[in-house]
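Engineer: For reference, the file target25.txt (compact mmCIF, C-alpha atoms) is included below:
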```
# COMPACT_ATOMS: atom_id res chain seq x y z
CA MET A 1 0.00 0.00 0.00
CA ILE A 2 1.49 3.33 -1.11
CA VAL A 3 0.46 6.43 0.85
CA GLU A 4 1.64 9.36 -1.27
CA ASP A 5 -0.16 12.62 -2.12
CA GLU A 6 1.90 13.31 -5.25
CA GLN A 7 -0.28 11.72 -7.93
CA ARG A 8 2.41 11.03 -10.53
CA LEU A 9 4.78 9.38 -8.05
CA ARG A 10 1.95 7.36 -6.54
CA LYS A 11 0.91 6.09 -9.99
CA ASP A 12 4.51 5.32 -10.99
CA LEU A 13 5.00 3.25 -7.84
CA VAL A 14 1.72 1.35 -8.24
CA ASP A 15 2.43 0.60 -11.91
CA PHE A 16 6.06 -0.41 -11.35
CA LEU A 17 5.35 -2.62 -8.35
CA GLY A 18 2.52 -4.26 -10.28
CA LEU A 19 5.00 -5.15 -13.03
CA CYS A 20 7.29 -6.58 -10.33
CA GLY A 21 4.56 -9.01 -9.27
CA PHE A 22 3.18 -7.16 -6.24
CA THR A 23 -0.44 -6.27 -5.58
CA ALA A 24 -0.13 -2.51 -5.03
CA GLU A 25 -2.73 0.12 -4.11
CA GLY A 26 -2.23 3.87 -3.96
CA ILE A 27 -3.78 6.17 -1.33
CA ALA A 28 -3.40 9.96 -1.28
CA THR A 29 -4.16 10.86 2.34
CA ALA A 30 -3.70 9.74 5.93
CA GLU A 31 -7.46 9.49 6.36
CA GLY A 32 -7.64 7.26 3.29
CA LEU A 33 -5.16 4.87 4.90
CA ARG A 34 -7.11 4.89 8.17
CA ARG A 35 -10.31 4.00 6.29
CA ALA A 36 -8.55 1.20 4.40
CA LEU A 37 -7.21 -0.33 7.60
CA ALA A 38 -10.60 0.06 9.28
CA ASP A 39 -12.13 -1.84 6.36
CA ASP A 40 -9.86 -4.74 7.32
CA LYS A 41 -7.34 -4.29 4.54
CA ARG A 42 -4.09 -5.75 5.84
CA PRO A 43 -1.11 -4.80 3.66
CA ASP A 44 2.18 -6.61 4.15
CA VAL A 45 4.08 -3.37 3.55
CA VAL A 46 3.07 0.29 3.73
CA ILE A 47 5.17 2.82 1.81
CA LEU A 48 4.55 6.06 3.66
CA ASP A 49 5.20 9.69 2.77
CA VAL A 50 5.92 12.03 5.69
CA GLY A 51 4.41 15.23 4.29
CA LEU A 52 0.75 14.32 3.72
CA PRO A 53 -1.92 17.02 3.27
CA ASP A 54 -3.95 15.84 6.26
CA GLY A 55 -1.37 14.32 8.57
CA ASN A 56 2.19 13.73 9.63
CA GLY A 57 3.76 10.51 8.38
CA PHE A 58 5.81 10.08 11.57
CA GLU A 59 2.63 10.11 13.66
CA LEU A 60 0.82 7.92 11.15
CA ALA A 61 3.58 5.30 11.38
CA GLY A 62 3.00 5.13 15.12
CA GLU A 63 -0.74 4.63 14.55
CA ILE A 64 -0.07 1.80 12.11
CA ARG A 65 2.30 0.12 14.55
CA ARG A 66 -0.35 0.14 17.29
CA ILE A 67 -3.05 -1.59 15.23
CA HIS A 68 -1.36 -3.61 12.51
CA ARG A 69 1.74 -5.73 12.18
CA CYS A 70 3.24 -4.88 8.83
CA GLY A 71 6.42 -3.52 7.31
CA ILE A 72 6.73 0.27 7.05
CA ILE A 73 8.97 2.00 4.51
CA MET A 74 9.18 5.76 4.79
CA LEU A 75 9.72 7.48 1.44
CA THR A 76 10.29 11.18 1.99
CA ALA A 77 12.25 14.23 0.92
CA LEU A 78 13.45 14.65 4.53
CA GLY A 79 16.89 13.09 4.43
CA ASP A 80 19.00 14.39 7.32
CA SER A 81 20.07 12.10 10.15
CA ASP A 82 17.63 13.53 12.71
CA ASP A 83 14.70 12.82 10.39
CA ARG A 84 15.96 9.28 9.81
CA VAL A 85 16.25 8.64 13.55
CA ARG A 86 12.76 10.08 14.09
CA GLY A 87 11.46 7.80 11.35
CA PHE A 88 12.91 4.71 13.01
CA GLU A 89 11.67 5.86 16.41
CA SER A 90 8.13 6.25 15.05
CA GLY A 91 8.11 2.68 13.73
CA ALA A 92 9.66 2.66 10.25
CA ASP A 93 11.61 -0.44 9.26
CA ILE A 94 13.34 1.24 6.32
CA TYR A 95 13.85 4.94 5.58
CA LEU A 96 14.35 6.03 1.97
CA VAL A 97 14.65 9.48 0.42
CA LYS A 98 12.65 10.31 -2.68
CA HIS A 99 15.59 10.31 -5.08
CA SER A 100 15.83 6.52 -4.49
CA THR A 101 15.30 4.58 -7.72
CA LEU A 102 12.29 2.35 -8.29
CA ARG A 103 14.59 -0.67 -8.23
CA GLU A 104 15.93 0.39 -4.81
CA ILE A 105 12.37 0.64 -3.52
CA GLU A 106 11.59 -2.81 -4.94
CA ALA A 107 14.70 -4.25 -3.27
CA ALA A 108 13.71 -2.65 0.06
CA ILE A 109 10.24 -4.21 -0.16
CA ARG A 110 11.61 -7.67 -0.92
CA SER A 111 14.11 -7.38 1.94
CA LEU A 112 11.35 -6.35 4.31
CA LEU A 113 9.09 -9.21 3.22
CA ARG A 114 11.90 -11.69 3.88
CA ARG A 115 12.30 -10.16 7.33
CA THR A 116 8.54 -10.43 7.93
CA GLY A 117 8.80 -14.12 7.16
CA ASP A 118 11.45 -14.38 9.88
CA GLN A 119 9.02 -12.77 12.32
CA ALA A 120 6.53 -15.56 11.67
CA GLY A 121 9.23 -18.04 12.62
CA VAL A 122 9.73 -16.30 15.95
CA ALA A 123 5.99 -16.40 16.64
CA ASP A 124 6.03 -20.14 15.92
CA GLY A 125 8.62 -20.68 18.64
CA ALA A 126 11.98 -20.28 16.89
CA GLY A 127 13.75 -18.90 19.92
CA ASP A 128 17.23 -18.46 18.52
CA LYS A 129 16.77 -14.84 17.42
CA TRP A 130 17.14 -11.49 19.10
CA VAL A 131 13.93 -9.46 18.63
CA LEU A 132 13.91 -5.67 18.46
CA ASP A 133 10.46 -4.14 19.03
CA SER A 134 10.13 -0.80 17.21
CA ARG A 135 7.05 0.19 19.18
CA THR A 136 8.45 -0.20 22.69
CA TRP A 137 12.21 0.13 21.98
CA THR A 138 12.68 -3.26 23.65
CA LEU A 139 15.37 -5.80 22.77
CA THR A 140 14.49 -9.39 23.68
CA ALA A 141 17.22 -12.03 23.83
CA PRO A 142 16.81 -15.68 22.76
CA ASN A 143 16.40 -16.61 26.43
CA GLN A 144 13.39 -14.21 26.54
CA ARG A 145 15.09 -11.69 28.81
CA SER A 146 14.32 -8.14 27.66
CA LEU A 147 15.81 -4.72 28.13
CA LYS A 148 14.43 -1.27 27.41
CA LEU A 149 16.61 0.82 25.09
CA THR A 150 17.12 4.56 24.97
CA ALA A 151 16.43 6.38 21.69
CA THR A 152 20.13 6.38 20.82
CA GLU A 153 20.55 2.70 21.73
CA PHE A 154 17.46 1.77 19.69
CA ALA A 155 18.74 3.66 16.64
CA LEU A 156 22.08 1.88 16.96
CA VAL A 157 20.67 -1.64 17.34
CA SER A 158 18.11 -1.01 14.59
CA ALA A 159 20.82 0.09 12.17
CA LEU A 160 22.95 -2.95 13.00
CA CYS A 161 20.08 -5.43 12.74
CA LYS A 162 18.91 -4.04 9.40
CA HIS A 163 22.31 -4.92 7.94
CA GLY A 164 21.56 -8.60 8.48
CA GLY A 165 24.96 -9.48 9.90
CA GLY A 166 26.83 -7.09 7.63
CA ILE A 167 29.21 -4.40 8.79
CA CYS A 168 27.93 -0.89 9.59
CA GLU A 169 30.65 1.64 8.95
CA ARG A 170 31.55 3.86 11.89
CA GLU A 171 30.92 7.11 10.01
CA LYS A 172 27.44 6.05 8.90
CA LEU A 173 26.52 4.94 12.40
CA ALA A 174 27.74 8.24 13.82
CA ASP A 175 25.64 10.13 11.26
CA THR A 176 22.57 8.06 12.14
CA LEU A 177 22.94 8.71 15.87
CA ALA A 178 23.84 12.40 15.63
CA ARG A 179 21.35 15.02 16.76
CA PRO A 180 21.03 18.60 15.44
CA ARG A 181 23.50 21.09 16.89
CA THR A 182 25.47 18.34 18.62
CA HIS A 183 28.91 16.97 17.92
CA PHE A 184 28.89 13.18 17.61
CA ASP A 185 32.15 11.53 16.57
CA ASN A 186 33.74 8.09 16.73
CA ARG A 187 34.65 8.56 20.39
CA HIS A 188 30.99 9.15 21.28
CA LEU A 189 29.95 6.16 19.16
CA ASP A 190 32.41 3.89 20.98
CA ALA A 191 31.08 5.10 24.33
CA VAL A 192 27.47 4.34 23.32
CA VAL A 193 28.43 0.86 22.11
CA SER A 194 30.45 0.14 25.25
CA ARG A 195 27.57 1.12 27.55
CA LEU A 196 25.07 -0.86 25.49
CA ARG A 197 27.25 -4.00 25.42
CA ARG A 198 27.58 -3.84 29.20
CA LYS A 199 23.83 -3.30 29.59
CA ILE A 200 22.94 -6.25 27.33
CA GLY A 201 25.39 -8.55 29.10
CA GLU A 202 24.19 -7.63 32.57
CA GLN A 203 20.47 -7.95 31.77
CA THR A 204 20.50 -11.06 29.57
CA ASN A 205 23.50 -13.05 30.87
CA LEU A 206 24.29 -13.95 27.26
CA GLN A 207 27.24 -13.26 25.01
CA VAL A 208 26.72 -9.81 23.50
CA PRO A 209 26.30 -10.08 19.70
CA ILE A 210 27.61 -6.57 18.92
CA LYS A 211 31.16 -6.97 17.65
CA VAL A 212 33.74 -4.44 16.54
CA VAL A 213 35.39 -4.77 13.13
CA TYR A 214 38.59 -2.88 13.76
CA GLY A 215 39.17 0.05 11.46
CA VAL A 216 35.74 -0.37 9.82
CA GLY A 217 32.75 -0.38 12.15
CA TYR A 218 30.38 -2.68 14.04
CA THR A 219 28.25 -5.72 13.26
CA PHE A 220 25.40 -7.63 14.95
CA THR A 221 26.59 -11.23 14.72
CA ALA A 222 23.44 -13.09 15.87
CA PRO A 223 20.17 -13.69 13.96
CA ALA A 224 17.85 -10.75 14.60
CA VAL A 225 14.30 -9.68 13.81
CA VAL A 226 13.00 -6.09 13.77
CA GLN A 227 9.27 -5.83 14.48
```
Please express the file's structure as C-alpha cells.
Structural biologist:
Amino acid sequence: MIVEDEQRLRKDLVDFLGLCGFTAEGIATAEGLRRALADDKRPDVVILDVGLPDGNGFELAGEIRRIHRCGIIMLTALGDSDDRVRGFESGADIYLVKHSTLREIEAAIRSLLRRTGDQAGVADGAGDKWVLDSRTWTLTAPNQRSLKLTATEFALVSALCKHGGGICEREKLADTLARPRTHFDNRHLDAVVSRLRRKIGEQTNLQVPIKVVYGVGYTFTAPAVVQ
C-alpha cells in the first residue's frame, strides 16, 4: 500500500510494483489509509510519505504500529540524520529518500518481506533470534530476557540489525545517531556501544552479539528480527 499525495509518483509506484509481481494500491491521504485499515485491509508493507496534506507521516507510522503488524517504509524528501532517527523511532523499518530509484524501492520491499517471514518463525517458537520491538524500543534475547533501550541505543541496534549481519561503517553509524547542533564523533559512538554492550550482558546473561570490526565499524553477529 502506497500512501503518497503526489499523484504522478503514486501512480509510478503502483504501476512499477505491479509489473514486479506485487499487488499494489495507492492512497493519497492519511485518512484514506485509516479507512482502508478500518475496512480490514491488511497490507504486508506500507510505503509512507511524511508530508501528507492531512497528517504527519511520523505520527501515522506510530498509529499503524499500534493496530497492525506490517512492514513500514518511509519514502520522503526529509533526508538528514535527525529525520531518519525520528522515522525509526516512530516505527519505520526502512527509511528512503525520494531520489531513491524504483529498483531500490523494490529491493527494500523484498528485503522487508523476507524479514517479515522471519518474524513468523519467531511467533512459531523459533527462539534463537534477538527481537527488536520498534514500538516499545525493547530488545528481547533468545532466552526471553528483555531490556528497554534509549532512543540512541534503539537507533544503533536497529541500524545494526537491518544490515543482516553485515558491517555498519563507523561514520554512517555516527551520522545516524547524531542530533542537530550536537557533535557526535567516533569517540561518542564507541562510548554508546560500550555502555550498550555492558547493559545487554548484565540484563541477559548472554554473550553480547555486537562486535567491533577494527578500522571499519560494528556488526550484529546473531540472527535478529525487527518488528
Engineer: Any idea what's packed within 10 Å of Gly165 in chain A, counting all atoms listed in the file, ignoring anything in its chain fewer than 3 positions away? Could you give it as a list of chain:residue names?
Structural biologist: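 Residues near the query, excluding close chain neighbours: A:Leu160, A:Cys161, A:Lys162, A:Cys168, A:Pro209, A:Ile210, A:Tyr218, A:Thr219, A:Phe220, A:Thr221, A:Ala222, A:Pro223, A:Ala224.
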Engineer: Ala159 in chain A: which residues within 10 Å, counting only C-alpha atoms, same-chain residues fewer than 3 positions away excluded, as JSON, numbers by chain?
Structural biologist: {"A": [85, 88, 93, 94, 153, 154, 155, 156, 162, 163, 164, 168, 172, 173, 176, 177, 219, 220]}
Engineer: So which residues touch Glu4 in chain A within 9 Å, counting only C-alpha atoms, skipping near sequence neighbours fewer than 6 positions away, as a ChimeraX atom specification?
Structural biologist: /A:10,26-30,47-52,75
Engineer: Find the residues near Thr136 in chain A: any atom within 9 Å, counting all atoms listed in the file, skip ones fewer than 4 places away on the same chain, and give them as a PDB file with C-alpha atoms, keeping the file's coordinate frame.
Structural biologist:
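The resulting result-v3.pdb:
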```pdb
ATOM      1  CA  LEU A 132      13.910  -5.670  18.460  1.00  0.00           C
ATOM      2  CA  LYS A 148      14.430  -1.270  27.410  1.00  0.00           C
ATOM      3  CA  LEU A 149      16.610   0.820  25.090  1.00  0.00           C
TER       4      LEU A 149
END
```
Engineer: Nearest residue to Asp44 in chain A out of A:Asp12, A:Asp5, A:Glu89, A:Glu25, using only C-alpha atoms?
Structural biologist: A:Glu25
Engineer: So which residues fall inside 10 Å of (12.6, 7.4, -7.7) if we count all atoms listed in the file? Mind giving them as an MDAnalysis selection string?
Structural biologist: chainID A and resid 9 12:13 75 96:105
Engineer: Record the distance separating CA of Arg86 in chain A and CA of Val3 in chain A, expressed in Å with one decimal.
Structural biologist: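 Going from CA of Arg86 in chain A over to CA of Val3 in chain A, I get 18.4 Å.
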Engineer: Could you give me, as a ChimeraX atom specification, the residues that sit within 12 Å of (38.4, -0.5, 10.4) in the file's coordinates, counting only C-alpha atoms?
Structural biologist: /A:167-171,186,212-219
Engineer: By how many Å are CA of Gly91 in chain A and CA of Arg135 in chain A apart?
Structural biologist: 6.1 Å
Engineer: Looking at all atoms listed in the file, which of A:Pro43, A:Val14, A:Leu189, A:Gly55 is the one that sits closest to Glu31 in chain A?
Structural biologist: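 For Glu31 in chain A, the nearest of the given residues is A:Gly55.
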Engineer: Between CA of Ile67 in chain A and CA of Leu37 in chain A, what is the distance, to one decimal in Å?
Structural biologist: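 These two atoms are separated by 8.8 Å.
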Engineer: Taking only C-alpha atoms into account, which of A:Ala141, A:Asp175, A:Ser158, A:Thr150 comes nearest Asp80 in chain A?
Structural biologist: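 The answer is A:Asp175, which sits nearest to Asp80 in chain A.
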